[in-house]
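**Student:** Sharing my_file.txt here; it has compact mmCIF, C-alpha atoms.
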```txt
# COMPACT_ATOMS: atom_id res chain seq x y z
CA MET A 1 169.60 151.24 5.38
CA SER A 2 168.77 153.98 7.89
CA CYS A 3 171.52 155.78 9.77
CA SER A 4 169.17 156.75 12.61
CA PRO A 5 170.34 155.94 16.16
CA PHE A 6 167.13 153.94 16.66
CA ASP A 7 164.75 152.21 14.29
CA LEU A 8 162.92 154.88 12.29
CA ARG A 9 159.82 152.70 12.10
CA ASP A 10 159.71 152.42 15.91
CA TYR A 11 160.01 156.20 16.00
CA PHE A 12 157.27 156.55 13.41
CA PHE A 13 154.91 154.36 15.47
CA GLN A 14 155.90 156.20 18.69
CA GLU A 15 157.06 152.99 20.30
CA LEU A 16 160.34 154.44 21.59
CA ALA A 17 160.87 155.87 25.05
CA ASP A 18 160.76 159.67 25.26
CA PRO A 19 164.54 160.28 25.29
CA GLN A 20 164.99 157.98 22.29
CA GLN A 21 162.13 159.67 20.46
CA ARG A 22 163.87 163.02 20.98
CA GLN A 23 167.21 161.65 19.76
CA VAL A 24 165.69 160.39 16.52
CA GLU A 25 163.80 163.65 16.08
CA ALA A 26 167.03 165.60 16.37
CA HIS A 27 168.77 163.24 13.97
CA VAL A 28 166.04 163.44 11.34
CA LYS A 29 166.31 167.25 11.22
CA ASP A 30 169.84 166.98 9.88
CA CYS A 31 169.53 163.73 7.87
CA GLN A 32 167.97 163.95 4.42
CA PRO A 33 167.76 160.17 3.73
CA CYS A 34 166.01 159.56 7.07
CA ARG A 35 163.58 162.39 6.36
CA GLU A 36 162.73 160.83 3.02
CA GLU A 37 162.28 157.45 4.67
CA LEU A 38 159.85 159.01 7.16
CA ASP A 39 157.98 160.74 4.33
CA GLN A 40 157.54 157.37 2.63
CA LEU A 41 156.11 155.93 5.83
CA ARG A 42 153.73 158.87 6.20
CA LEU A 43 152.53 158.52 2.62
CA THR A 44 151.95 154.81 3.15
CA GLN A 45 149.98 155.50 6.30
CA ALA A 46 147.94 158.21 4.54
CA ALA A 47 147.16 155.73 1.77
CA LEU A 48 146.11 153.08 4.30
CA PHE A 49 143.80 155.56 6.00
CA SER A 50 141.98 156.15 2.72
CA LEU A 51 140.33 152.82 3.40
CA ARG A 52 137.49 153.94 5.64
CA ASP A 53 135.85 151.94 8.37
CA GLU A 54 132.49 150.51 7.41
CA GLU A 55 129.36 150.77 9.51
CA ILE A 56 128.31 147.49 11.03
CA PRO A 57 125.30 146.23 9.00
CA GLN A 58 123.46 145.03 12.07
CA ARG A 59 123.78 146.21 15.64
CA ILE A 60 124.83 143.57 18.16
CA ALA A 61 122.79 143.37 21.34
CA PHE A 62 122.02 140.75 23.88
CA VAL A 63 118.85 140.10 25.81
CA SER A 64 118.77 138.90 29.35
CA ASP A 65 118.76 135.14 29.07
CA PRO A 66 119.12 132.88 32.12
CA VAL A 67 121.11 130.43 30.00
CA PHE A 68 123.94 132.91 29.66
CA GLU A 69 123.57 134.60 33.01
CA PRO A 70 125.01 133.44 36.28
CA SER A 71 122.50 132.57 38.96
CA ARG A 72 121.33 135.24 41.41
CA ALA A 73 123.20 133.56 44.27
CA ARG A 74 126.36 133.36 42.19
CA ARG A 75 126.08 137.02 41.20
CA TRP A 76 125.58 137.99 44.84
CA TRP A 77 128.49 135.85 45.90
CA ALA A 78 130.74 137.29 43.19
CA ALA A 79 129.67 140.83 44.06
CA PHE A 80 130.23 140.16 47.75
CA TRP A 81 133.75 138.88 47.30
CA GLY A 82 134.45 141.46 44.61
CA SER A 83 133.88 144.39 46.94
CA SER A 84 136.56 144.82 49.58
CA GLY A 85 134.56 147.57 51.30
CA ARG A 86 131.49 145.37 51.64
CA LEU A 87 133.61 142.47 52.81
CA GLY A 88 135.27 144.66 55.44
CA PHE A 89 131.91 145.94 56.64
CA ALA A 90 130.53 142.39 56.90
CA SER A 91 133.60 141.28 58.85
CA ALA A 92 133.26 144.20 61.24
CA ALA A 93 129.53 143.49 61.70
CA MET A 94 130.22 139.81 62.42
CA LEU A 95 132.92 140.73 64.93
CA SER A 96 130.60 143.21 66.66
CA ALA A 97 127.84 140.61 66.83
CA ALA A 98 130.22 138.04 68.28
CA LEU A 99 131.40 140.49 70.93
CA LEU A 100 127.83 141.44 71.81
CA ILE A 101 126.70 137.82 72.14
CA SER A 102 129.74 137.02 74.23
CA ALA A 103 129.06 139.96 76.54
CA LEU A 104 125.38 139.05 76.91
CA THR A 105 126.00 135.38 77.66
CA ARG A 106 128.63 136.23 80.26
CA THR A 107 126.42 138.59 82.31
CA ALA A 108 123.21 136.64 81.99
CA GLY A 109 122.77 134.31 85.04
CA PRO A 110 119.84 132.69 86.93
CA ALA A 111 116.97 135.06 87.70
CA PRO A 112 117.25 136.73 91.16
CA ALA A 113 114.88 135.46 93.92
CA ALA A 114 113.80 139.03 94.70
CA GLY A 115 113.89 138.23 98.46
CA LEU A 116 110.66 136.18 98.61
CA SER A 117 110.39 133.00 100.67
CA PRO A 118 107.98 130.17 99.72
CA ALA A 119 105.76 131.16 102.64
CA ASP A 120 105.56 134.73 101.32
CA ILE A 121 104.74 133.42 97.89
CA ASP A 122 101.95 131.22 99.38
CA ARG A 123 100.65 134.19 101.32
CA HIS A 124 100.63 136.33 98.19
CA ILE A 125 98.82 133.61 96.29
CA GLN A 126 96.22 133.21 99.07
CA GLN A 127 95.70 136.95 99.14
CA ALA A 128 95.27 137.02 95.39
CA VAL A 129 92.82 134.10 95.54
CA TYR A 130 90.89 135.73 98.40
CA ALA A 131 90.71 139.02 96.49
CA SER A 132 89.51 137.21 93.42
CA GLU A 133 86.88 135.29 95.37
CA SER A 134 85.73 138.49 97.05
CA ARG A 135 85.34 140.15 93.70
CA GLN A 136 83.36 137.18 92.43
CA THR A 137 81.11 137.14 95.53
CA ALA A 138 80.41 140.84 95.27
CA LYS A 139 79.61 140.45 91.63
CA THR A 140 77.22 137.56 92.36
CA THR A 141 75.49 139.48 95.16
CA GLN A 142 75.06 142.42 92.89
CA LEU A 143 73.58 140.20 90.18
CA VAL A 144 71.10 138.60 92.66
CA HIS A 145 70.13 142.04 93.94
CA ASP A 146 69.61 143.31 90.41
CA LEU A 147 67.50 140.28 89.59
CA ALA A 148 65.30 140.78 92.69
CA GLN A 149 64.81 144.40 91.82
CA GLN A 150 63.84 143.46 88.31
CA THR A 151 61.31 140.92 89.61
CA GLU A 152 59.81 143.47 92.03
CA SER A 153 59.51 146.01 89.24
CA GLU A 154 57.75 143.52 87.03
CA ARG A 155 55.33 142.61 89.88
CA LYS A 156 54.51 146.29 90.46
CA LEU A 157 53.93 146.81 86.80
CA ARG A 158 51.57 143.85 86.72
CA LEU A 159 49.64 145.24 89.75
CA VAL A 160 49.38 148.62 88.10
CA ALA A 161 48.05 147.02 84.94
CA GLU A 162 45.47 145.03 86.91
CA SER A 163 44.32 148.10 88.85
CA GLU A 164 43.96 149.96 85.61
CA VAL A 165 41.73 147.20 84.25
CA GLU A 166 39.62 147.32 87.45
CA TYR A 167 39.37 151.05 87.18
CA ALA A 168 38.25 150.81 83.57
CA LYS A 169 35.48 148.40 84.59
CA LYS A 170 34.28 150.79 87.30
CA VAL A 171 34.23 153.64 84.84
CA GLN A 172 32.18 151.61 82.43
CA TYR A 173 29.73 150.69 85.19
CA ALA A 174 29.32 154.34 86.17
CA MET A 175 28.64 155.33 82.61
CA GLU A 176 25.98 152.66 82.26
CA ARG A 177 24.29 153.93 85.42
CA SER A 178 24.31 157.47 84.16
CA ARG A 179 22.53 156.45 80.97
CA GLY A 180 19.41 155.32 83.07
CA ASP A 181 19.28 151.80 82.13
CA TRP A 182 20.74 150.97 85.37
CA LYS A 183 17.36 149.71 86.80
CA ASP A 184 16.82 147.28 83.92
CA SER A 185 20.25 146.32 83.74
CA PRO A 186 20.84 142.74 84.68
CA SER A 187 23.85 144.04 86.34
CA ASN A 188 21.70 145.99 88.91
CA PRO A 189 22.43 144.42 92.21
CA SER A 190 18.80 145.10 93.35
CA ASN A 191 17.25 143.00 90.58
CA MET B 1 138.89 165.20 24.95
CA ILE B 2 135.79 163.05 24.98
CA PHE B 3 134.12 162.77 28.36
CA ARG B 4 132.29 159.57 29.05
CA ALA B 5 129.80 159.46 31.90
CA VAL B 6 130.55 155.78 32.43
CA GLU B 7 133.97 154.34 31.67
CA ASP B 8 134.45 150.98 29.99
CA THR B 9 135.97 149.59 33.18
CA ASP B 10 132.77 150.42 35.12
CA LEU B 11 130.65 148.77 32.44
CA ILE B 12 132.86 145.69 32.53
CA ARG B 13 132.48 145.40 36.31
CA GLN B 14 128.70 145.81 36.09
CA ALA B 15 128.47 143.36 33.20
CA SER B 16 130.52 140.78 35.08
CA ARG B 17 127.90 140.98 37.84
CA GLY B 18 125.23 140.10 35.29
CA SER B 19 124.07 143.47 33.94
CA VAL B 20 123.13 142.81 30.32
CA GLU B 21 122.32 146.50 29.80
CA SER B 22 125.85 147.50 30.76
CA TYR B 23 127.27 144.88 28.45
CA ASN B 24 125.11 146.07 25.56
CA LEU B 25 126.44 149.58 26.09
CA LEU B 26 129.98 148.23 26.10
CA VAL B 27 129.29 146.29 22.90
CA SER B 28 127.93 149.42 21.23
CA ARG B 29 131.26 151.14 21.91
CA TRP B 30 133.38 148.34 20.45
CA GLU B 31 131.25 146.68 17.77
CA LYS B 32 132.25 148.92 14.86
CA ARG B 33 135.98 148.57 15.55
CA MET B 34 135.62 144.85 16.04
CA TYR B 35 133.56 144.42 12.87
CA ASN B 36 136.12 146.31 10.79
CA TYR B 37 139.02 144.36 12.26
CA LEU B 38 137.29 141.09 11.41
CA LEU B 39 136.25 142.40 8.01
CA ARG B 40 139.85 143.25 7.12
CA ILE B 41 141.26 139.92 8.19
CA THR B 42 138.46 137.79 6.70
CA GLY B 43 137.58 139.95 3.69
CA ASN B 44 133.93 138.94 4.03
CA ARG B 45 131.14 141.05 5.56
CA GLU B 46 128.93 138.14 6.51
CA ASP B 47 131.77 136.29 8.21
CA ALA B 48 132.84 139.47 9.96
CA LEU B 49 129.35 140.04 11.40
CA ASP B 50 128.88 136.42 12.46
CA LEU B 51 132.30 136.37 14.07
CA ALA B 52 131.69 139.68 15.83
CA GLN B 53 128.52 138.28 17.39
CA ASP B 54 130.35 135.14 18.48
CA VAL B 55 133.21 137.19 19.89
CA PHE B 56 130.96 139.39 22.02
CA LEU B 57 128.98 136.40 23.26
CA LYS B 58 132.14 134.54 24.19
CA ALA B 59 133.51 137.64 25.87
CA TYR B 60 130.34 137.97 27.97
CA GLN B 61 130.50 134.35 29.05
CA ASN B 62 134.14 134.72 30.08
CA LEU B 63 134.07 138.26 31.42
CA ARG B 64 134.71 137.07 34.98
CA LYS B 65 138.02 135.63 33.84
CA LEU B 66 139.27 139.07 32.84
CA ASP B 67 141.50 140.06 35.76
CA ASP B 68 142.26 143.62 34.70
CA PRO B 69 139.35 145.57 33.11
CA ASP B 70 141.91 148.01 31.64
CA ARG B 71 143.11 145.15 29.41
CA PHE B 72 139.65 144.59 27.93
CA GLY B 73 140.69 145.72 24.41
CA PRO B 74 143.60 143.30 23.86
CA TRP B 75 141.64 140.55 25.63
CA LEU B 76 138.64 141.06 23.32
CA TYR B 77 140.83 141.11 20.21
CA ARG B 78 142.57 137.95 21.40
CA ILE B 79 139.17 136.24 21.42
CA ALA B 80 138.43 137.67 17.99
CA HIS B 81 141.76 136.50 16.60
CA ASN B 82 141.16 132.99 17.92
CA GLU B 83 137.62 132.89 16.57
CA ALA B 84 138.72 134.09 13.12
CA TYR B 85 141.57 131.59 12.89
CA SER B 86 139.28 128.84 14.10
CA LEU B 87 136.99 129.69 11.19
CA PHE B 88 139.92 129.69 8.76
CA ARG B 89 140.95 126.25 9.95
CA LYS B 90 137.39 124.97 9.66
CA ARG B 91 137.13 126.25 6.11
CA LYS B 92 140.55 125.02 5.03
CA PRO B 93 141.47 122.21 7.38
CA GLU B 94 144.06 120.76 5.05
CA VAL B 95 146.00 124.01 4.68
CA ASP B 96 148.10 125.67 7.35
CA VAL B 97 146.73 129.15 7.87
CA ASP B 98 150.20 130.64 7.94
CA ASP B 99 150.91 129.24 4.50
CA VAL B 100 147.77 130.53 2.86
CA ALA B 101 148.71 132.55 -0.20
CA PRO B 102 147.25 136.05 -0.18
CA GLU B 103 144.14 136.28 -2.25
CA ALA B 104 144.77 138.61 -5.19
CA THR B 105 141.55 140.49 -5.66
CA GLY B 106 143.17 143.58 -7.15
CA GLN B 107 143.65 144.09 -10.84
CA GLY B 108 147.40 144.65 -10.69
CA ILE B 109 147.06 148.40 -10.32
CA THR B 110 150.37 150.14 -10.92
CA MET B 111 150.23 153.82 -10.32
CA GLY B 112 153.73 154.76 -9.42
CA GLY B 113 154.08 158.53 -9.39
CA THR B 114 150.54 159.05 -10.67
CA SER B 115 147.91 161.05 -8.80
CA VAL B 116 144.72 159.11 -8.20
CA PHE B 117 141.23 159.80 -6.87
CA PRO B 118 140.29 158.60 -3.36
CA VAL B 119 138.21 155.74 -4.72
CA GLU B 120 141.09 154.52 -6.81
CA LEU B 121 143.40 154.84 -3.85
CA SER B 122 141.03 152.80 -1.68
CA LEU B 123 140.98 150.10 -4.32
CA ALA B 124 144.76 150.17 -4.49
CA VAL B 125 145.02 149.87 -0.71
CA ALA B 126 142.53 147.01 -0.61
CA ALA B 127 144.48 145.23 -3.33
CA ALA B 128 147.80 145.84 -1.57
CA LEU B 129 146.40 144.47 1.71
CA ASP B 130 145.08 141.43 -0.13
CA ARG B 131 148.57 140.65 -1.35
CA LEU B 132 149.92 140.39 2.17
CA SER B 133 149.95 137.12 4.07
CA PRO B 134 147.19 136.74 6.71
CA ASP B 135 149.71 137.29 9.51
CA GLN B 136 151.16 140.40 7.90
CA ARG B 137 147.71 141.77 7.13
CA GLU B 138 146.55 141.24 10.69
CA ALA B 139 149.65 142.99 12.02
CA VAL B 140 148.95 146.00 9.78
CA VAL B 141 145.28 146.07 10.78
CA LEU B 142 146.06 145.89 14.49
CA LYS B 143 148.71 148.60 14.28
CA HIS B 144 147.42 151.03 11.67
CA TYR B 145 143.67 150.71 12.01
CA GLN B 146 143.24 149.59 15.62
CA GLY B 147 146.17 151.50 17.11
CA PHE B 148 147.50 148.81 19.44
CA LYS B 149 150.98 148.94 20.95
CA PHE B 150 153.48 146.19 20.18
CA GLU B 151 153.02 144.60 23.63
CA GLU B 152 149.26 144.50 23.13
CA MET B 153 149.65 143.03 19.66
CA ALA B 154 151.94 140.35 21.09
CA GLU B 155 149.25 139.55 23.66
CA ILE B 156 146.52 139.38 21.02
CA LEU B 157 148.55 137.28 18.59
CA SER B 158 150.17 135.22 21.33
CA CYS B 159 153.68 135.67 20.02
CA PRO B 160 156.80 137.65 20.97
CA VAL B 161 157.07 141.38 20.26
CA SER B 162 159.98 140.65 17.90
CA THR B 163 157.69 138.47 15.76
CA VAL B 164 155.05 141.19 15.72
CA LYS B 165 157.59 143.77 14.57
CA SER B 166 159.00 141.44 11.94
CA ARG B 167 155.55 140.79 10.44
CA LEU B 168 154.58 144.45 10.55
CA TYR B 169 157.80 145.82 9.06
CA THR B 170 157.87 143.24 6.29
CA ALA B 171 154.28 144.16 5.46
CA LEU B 172 155.16 147.83 5.62
CA GLU B 173 157.98 147.42 3.08
CA LEU B 174 155.58 145.71 0.69
CA LEU B 175 152.88 148.31 1.19
CA LYS B 176 155.33 151.18 0.88
CA ALA B 177 156.54 149.88 -2.44
CA GLN B 178 152.98 149.79 -3.75
CA LEU B 179 151.32 152.71 -2.03
CA ALA B 180 153.89 155.35 -1.19
CA PRO B 181 154.50 156.31 -4.84
CA ILE B 182 150.78 156.94 -5.15
CA SER B 183 150.02 160.48 -4.25
CA PRO B 184 146.31 160.87 -3.57
CA ARG B 185 144.75 164.15 -4.64
CA GLY B 186 144.22 166.33 -1.65
CA VAL B 187 146.90 164.49 0.34
CA SER B 188 150.21 166.31 0.34
```
How would this structure read if it were set down as structure tokens?

**Tutor:**
Amino acid sequence: MSCSPFDLRDYFFQELADPQQRQVEAHVKDCQPCREELDQLRLTQAALFSLRDEEIPQRIAFVSDPVFEPSRARRWWAAFWGSSGRLGFASAAMLSAALLISALTRTAGPAPAAGLSPADIDRHIQQAVYASESRQTAKTTQLVHDLAQQTESERKLRLVAESEVEYAKKVQYAMERSRGDWKDSPSNPSN
Amino acid sequence: MIFRAVEDTDLIRQASRGSVESYNLLVSRWEKRMYNYLLRITGNREDALDLAQDVFLKAYQNLRKLDDPDRFGPWLYRIAHNEAYSLFRKRKPEVDVDDVAPEATGQGITMGGTSVFPVELSLAVAAALDRLSPDQREAVVLKHYQGFKFEEMAEILSCPVSTVKSRLYTALELLKAQLAPISPRGVS
């Protein structure tokens, strides 16, 4: 039986509080039987440690398998509630959004009339219609004018072409006369 | 001091959010210890490996139930203890596990006062552990080889600290009687 103030085995396993550890330590220095008891424990432990750990014959690893994994939504939900910072930020964002919406809905009213009477509006509309019609009329006039010009140009071109043909005939007639067969020519006006 | 870029607690948090890679890293840090714990309480390599795989799978499935990541070690060993005893009960349903007589695999080695070689000492230790009851052996394994505190052992074994100490100290007396007189060469 040990005469130590506390259980020597608790001391050996360092399960005592610090002051108690120190008390036993001091006691063991002056107590031969307790020292021998501790030596026996140390020898036993040394013997136990001669039995080495074995290497695991096959490494254990898992592959990502949906059967064993929580769903994406569940992971997100767990992560969301698991993070106090994220939760705080989300709360602050929701509060800010609520305040903003409240502020916007309070100030937003019916659109201002901008000081226009129905008569003014009618006048503006009539002016806009008149301006549009004027633009359309001008565009139509321009188109008619362009078309007339085009027709005139084509007529002139046709006249030029006809005069060129007439001129070519006259040239041919002159050439025939110059070759002397003019008298016998059935085309001689005197024959 | 060993510096780890990522602590176990970080890996546990990431794994509980579904990161299999983080869990695999965590497993790689604990698998050898777990395998040896199971090997010493079952005495069978195949059982130890199968149980280790079951333990890590069960731990992954229940990781969200772990409130304090700092308590991962005792929590994991609690699962392992339950799995091992479940296997014992399955194998020997008619016998109470606590009453199972220790399996004597040693050859009755008596070496009191005699110096022995490390291999002989290992055999003597294995034989001495075999002579303990399963409860006593598990207490020795958890304390000597796994380094748990009494409170953690009580959590793993689901019993009071006084019971843990009783089992351990009884086992220690038996082991001391068999092993302390043996003085291994090279061990003063």

**Student:** At a cut-off of 8 Å, list the chain B residues touching chain A, using only C-alpha atoms, as a ChimeraX atom specification.

**Tutor:** /B:17-18,20,24,27-28,31-33,35-36,49,53,61,118,121-122,125-126,144-145,149-150,169,175-176,179-180,182-184,187

**Student:** Could the residues in this selection be saved with C-alpha atoms as an mmCIF file, in the coordinates of the input?

**Tutor:**
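Okay, out_26.cif is ready:
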```cif
data_model
loop_
_atom_site.group_PDB
_atom_site.id
_atom_site.type_symbol
_atom_site.label_atom_id
_atom_site.label_comp_id
_atom_site.auth_asym_id
_atom_site.auth_seq_id
_atom_site.Cartn_x
_atom_site.Cartn_y
_atom_site.Cartn_z
ATOM 1 C CA ARG B 17 127.900 140.980 37.840
ATOM 2 C CA GLY B 18 125.230 140.100 35.290
ATOM 3 C CA VAL B 20 123.130 142.810 30.320
ATOM 4 C CA ASN B 24 125.110 146.070 25.560
ATOM 5 C CA VAL B 27 129.290 146.290 22.900
ATOM 6 C CA SER B 28 127.930 149.420 21.230
ATOM 7 C CA GLU B 31 131.250 146.680 17.770
ATOM 8 C CA LYS B 32 132.250 148.920 14.860
ATOM 9 C CA ARG B 33 135.980 148.570 15.550
ATOM 10 C CA TYR B 35 133.560 144.420 12.870
ATOM 11 C CA ASN B 36 136.120 146.310 10.790
ATOM 12 C CA LEU B 49 129.350 140.040 11.400
ATOM 13 C CA GLN B 53 128.520 138.280 17.390
ATOM 14 C CA GLN B 61 130.500 134.350 29.050
ATOM 15 C CA PRO B 118 140.290 158.600 -3.360
ATOM 16 C CA LEU B 121 143.400 154.840 -3.850
ATOM 17 C CA SER B 122 141.030 152.800 -1.680
ATOM 18 C CA VAL B 125 145.020 149.870 -0.710
ATOM 19 C CA ALA B 126 142.530 147.010 -0.610
ATOM 20 C CA HIS B 144 147.420 151.030 11.670
ATOM 21 C CA TYR B 145 143.670 150.710 12.010
ATOM 22 C CA LYS B 149 150.980 148.940 20.950
ATOM 23 C CA PHE B 150 153.480 146.190 20.180
ATOM 24 C CA TYR B 169 157.800 145.820 9.060
ATOM 25 C CA LEU B 175 152.880 148.310 1.190
ATOM 26 C CA LYS B 176 155.330 151.180 0.880
ATOM 27 C CA LEU B 179 151.320 152.710 -2.030
ATOM 28 C CA ALA B 180 153.890 155.350 -1.190
ATOM 29 C CA ILE B 182 150.780 156.940 -5.150
ATOM 30 C CA SER B 183 150.020 160.480 -4.250
ATOM 31 C CA PRO B 184 146.310 160.870 -3.570
ATOM 32 C CA VAL B 187 146.900 164.490 0.340
#
```

**Student:** For Ile41 (chain B), find every residue with an atom within 7 Å (counting only C-alpha atoms), except residues of its own chain fewer than 4 positions away, and show them as a count of residues only.

**Tutor:** 4

**Student:** Could you work out how far CA of Val161 (chain B) lies from CA of Leu16 (chain A), giving the answer in Å with one decimal?

**Tutor:**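 About the pair CA of Leu16 (chain A) and CA of Val161 (chain B): they are 13.5 Å apart.
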
**Student:** May I ask which of the residues B:Lys165, B:Lys90, B:Trp30, B:Thr170 is the closest one to Leu76 (chain B), counting all atoms listed in the file?

**Tutor:** B:Trp30

**Student:** So how many Å separate CA of Val164 (chain B) and CA of Arg131 (chain B), to one decimal?

**Tutor:** 18.3 Å

**Student:** Quick one: residues within 9 Å of Leu26 (chain B), all atoms listed in the file counted, chain neighbours fewer than 4 positions away excluded, as a ChimeraX atom specification?

**Tutor:** /B:8,11-12,15,21-22,30-31

**Student:** Can you pull out the residues contacting Ala139 (chain B)? Cut-off 8 Å, using only C-alpha atoms, and skip same-chain residues under 5 positions away; I want them as a count of residues only.

**Tutor:** 4

**Student:** Quick one, how far is CA of Leu132 (chain B) from CA of Ala171 (chain B)?

**Tutor:**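 Distance between the two atoms: 6.6 Å.
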
**Student:** Would you mind putting back N, CA and C atoms on region 61-84 of chain B, then writing it out as a PDB file, keeping the file's coordinate frame?

**Tutor:**
```pdb
ATOM      1  N   GLN B  61     130.474 135.583  28.254  1.00  0.00           N
ATOM      2  CA  GLN B  61     130.500 134.350  29.050  1.00  0.00           C
ATOM      3  C   GLN B  61     131.781 134.208  29.867  1.00  0.00           C
ATOM      4  N   ASN B  62     132.843 134.870  29.390  1.00  0.00           N
ATOM      5  CA  ASN B  62     134.140 134.720  30.080  1.00  0.00           C
ATOM      6  C   ASN B  62     134.596 136.009  30.755  1.00  0.00           C
ATOM      7  N   LEU B  63     133.687 136.948  30.899  1.00  0.00           N
ATOM      8  CA  LEU B  63     134.070 138.260  31.420  1.00  0.00           C
ATOM      9  C   LEU B  63     134.670 138.177  32.816  1.00  0.00           C
ATOM     10  N   ARG B  64     134.207 137.206  33.601  1.00  0.00           N
ATOM     11  CA  ARG B  64     134.710 137.070  34.980  1.00  0.00           C
ATOM     12  C   ARG B  64     136.174 136.614  35.007  1.00  0.00           C
ATOM     13  N   LYS B  65     136.627 136.076  33.886  1.00  0.00           N
ATOM     14  CA  LYS B  65     138.020 135.630  33.840  1.00  0.00           C
ATOM     15  C   LYS B  65     138.983 136.771  33.523  1.00  0.00           C
ATOM     16  N   LEU B  66     138.428 137.908  33.147  1.00  0.00           N
ATOM     17  CA  LEU B  66     139.270 139.070  32.840  1.00  0.00           C
ATOM     18  C   LEU B  66     139.715 139.717  34.149  1.00  0.00           C
ATOM     19  N   ASP B  67     140.996 139.566  34.462  1.00  0.00           N
ATOM     20  CA  ASP B  67     141.500 140.060  35.760  1.00  0.00           C
ATOM     21  C   ASP B  67     141.553 141.580  35.800  1.00  0.00           C
ATOM     22  N   ASP B  68     142.058 142.171  34.714  1.00  0.00           N
ATOM     23  CA  ASP B  68     142.260 143.620  34.700  1.00  0.00           C
ATOM     24  C   ASP B  68     141.330 144.250  33.653  1.00  0.00           C
ATOM     25  N   PRO B  69     140.282 144.964  34.080  1.00  0.00           N
ATOM     26  CA  PRO B  69     139.350 145.570  33.110  1.00  0.00           C
ATOM     27  C   PRO B  69     140.028 146.546  32.142  1.00  0.00           C
ATOM     28  N   ASP B  70     141.191 147.099  32.542  1.00  0.00           N
ATOM     29  CA  ASP B  70     141.910 148.010  31.640  1.00  0.00           C
ATOM     30  C   ASP B  70     142.466 147.269  30.418  1.00  0.00           C
ATOM     31  N   ARG B  71     142.564 145.949  30.517  1.00  0.00           N
ATOM     32  CA  ARG B  71     143.110 145.150  29.410  1.00  0.00           C
ATOM     33  C   ARG B  71     141.986 144.566  28.561  1.00  0.00           C
ATOM     34  N   PHE B  72     140.803 145.141  28.663  1.00  0.00           N
ATOM     35  CA  PHE B  72     139.650 144.590  27.930  1.00  0.00           C
ATOM     36  C   PHE B  72     139.901 144.552  26.426  1.00  0.00           C
ATOM     37  N   GLY B  73     140.471 145.630  25.865  1.00  0.00           N
ATOM     38  CA  GLY B  73     140.690 145.720  24.410  1.00  0.00           C
ATOM     39  C   GLY B  73     141.530 144.561  23.883  1.00  0.00           C
ATOM     40  N   PRO B  74     142.775 144.422  24.344  1.00  0.00           N
ATOM     41  CA  PRO B  74     143.600 143.300  23.860  1.00  0.00           C
ATOM     42  C   PRO B  74     142.960 141.933  24.125  1.00  0.00           C
ATOM     43  N   TRP B  75     142.295 141.826  25.285  1.00  0.00           N
ATOM     44  CA  TRP B  75     141.640 140.550  25.630  1.00  0.00           C
ATOM     45  C   TRP B  75     140.530 140.217  24.633  1.00  0.00           C
ATOM     46  N   LEU B  76     139.732 141.250  24.279  1.00  0.00           N
ATOM     47  CA  LEU B  76     138.640 141.060  23.320  1.00  0.00           C
ATOM     48  C   LEU B  76     139.181 140.691  21.936  1.00  0.00           C
ATOM     49  N   TYR B  77     140.251 141.392  21.521  1.00  0.00           N
ATOM     50  CA  TYR B  77     140.830 141.110  20.210  1.00  0.00           C
ATOM     51  C   TYR B  77     141.515 139.741  20.178  1.00  0.00           C
ATOM     52  N   ARG B  78     141.988 139.302  21.326  1.00  0.00           N
ATOM     53  CA  ARG B  78     142.570 137.950  21.400  1.00  0.00           C
ATOM     54  C   ARG B  78     141.486 136.918  21.103  1.00  0.00           C
ATOM     55  N   ILE B  79     140.299 137.130  21.692  1.00  0.00           N
ATOM     56  CA  ILE B  79     139.170 136.240  21.420  1.00  0.00           C
ATOM     57  C   ILE B  79     138.820 136.283  19.935  1.00  0.00           C
ATOM     58  N   ALA B  80     138.792 137.500  19.397  1.00  0.00           N
ATOM     59  CA  ALA B  80     138.430 137.670  17.990  1.00  0.00           C
ATOM     60  C   ALA B  80     139.431 136.980  17.068  1.00  0.00           C
ATOM     61  N   HIS B  81     140.708 137.157  17.396  1.00  0.00           N
ATOM     62  CA  HIS B  81     141.760 136.500  16.600  1.00  0.00           C
ATOM     63  C   HIS B  81     141.579 134.985  16.616  1.00  0.00           C
ATOM     64  N   ASN B  82     141.332 134.446  17.807  1.00  0.00           N
ATOM     65  CA  ASN B  82     141.160 132.990  17.920  1.00  0.00           C
ATOM     66  C   ASN B  82     139.926 132.517  17.156  1.00  0.00           C
ATOM     67  N   GLU B  83     138.847 133.269  17.270  1.00  0.00           N
ATOM     68  CA  GLU B  83     137.620 132.890  16.570  1.00  0.00           C
ATOM     69  C   GLU B  83     137.824 132.914  15.052  1.00  0.00           C
ATOM     70  N   ALA B  84     138.500 133.961  14.567  1.00  0.00           N
ATOM     71  CA  ALA B  84     138.720 134.090  13.120  1.00  0.00           C
ATOM     72  C   ALA B  84     139.604 132.949  12.614  1.00  0.00           C
TER      73      ALA B  84
END
```
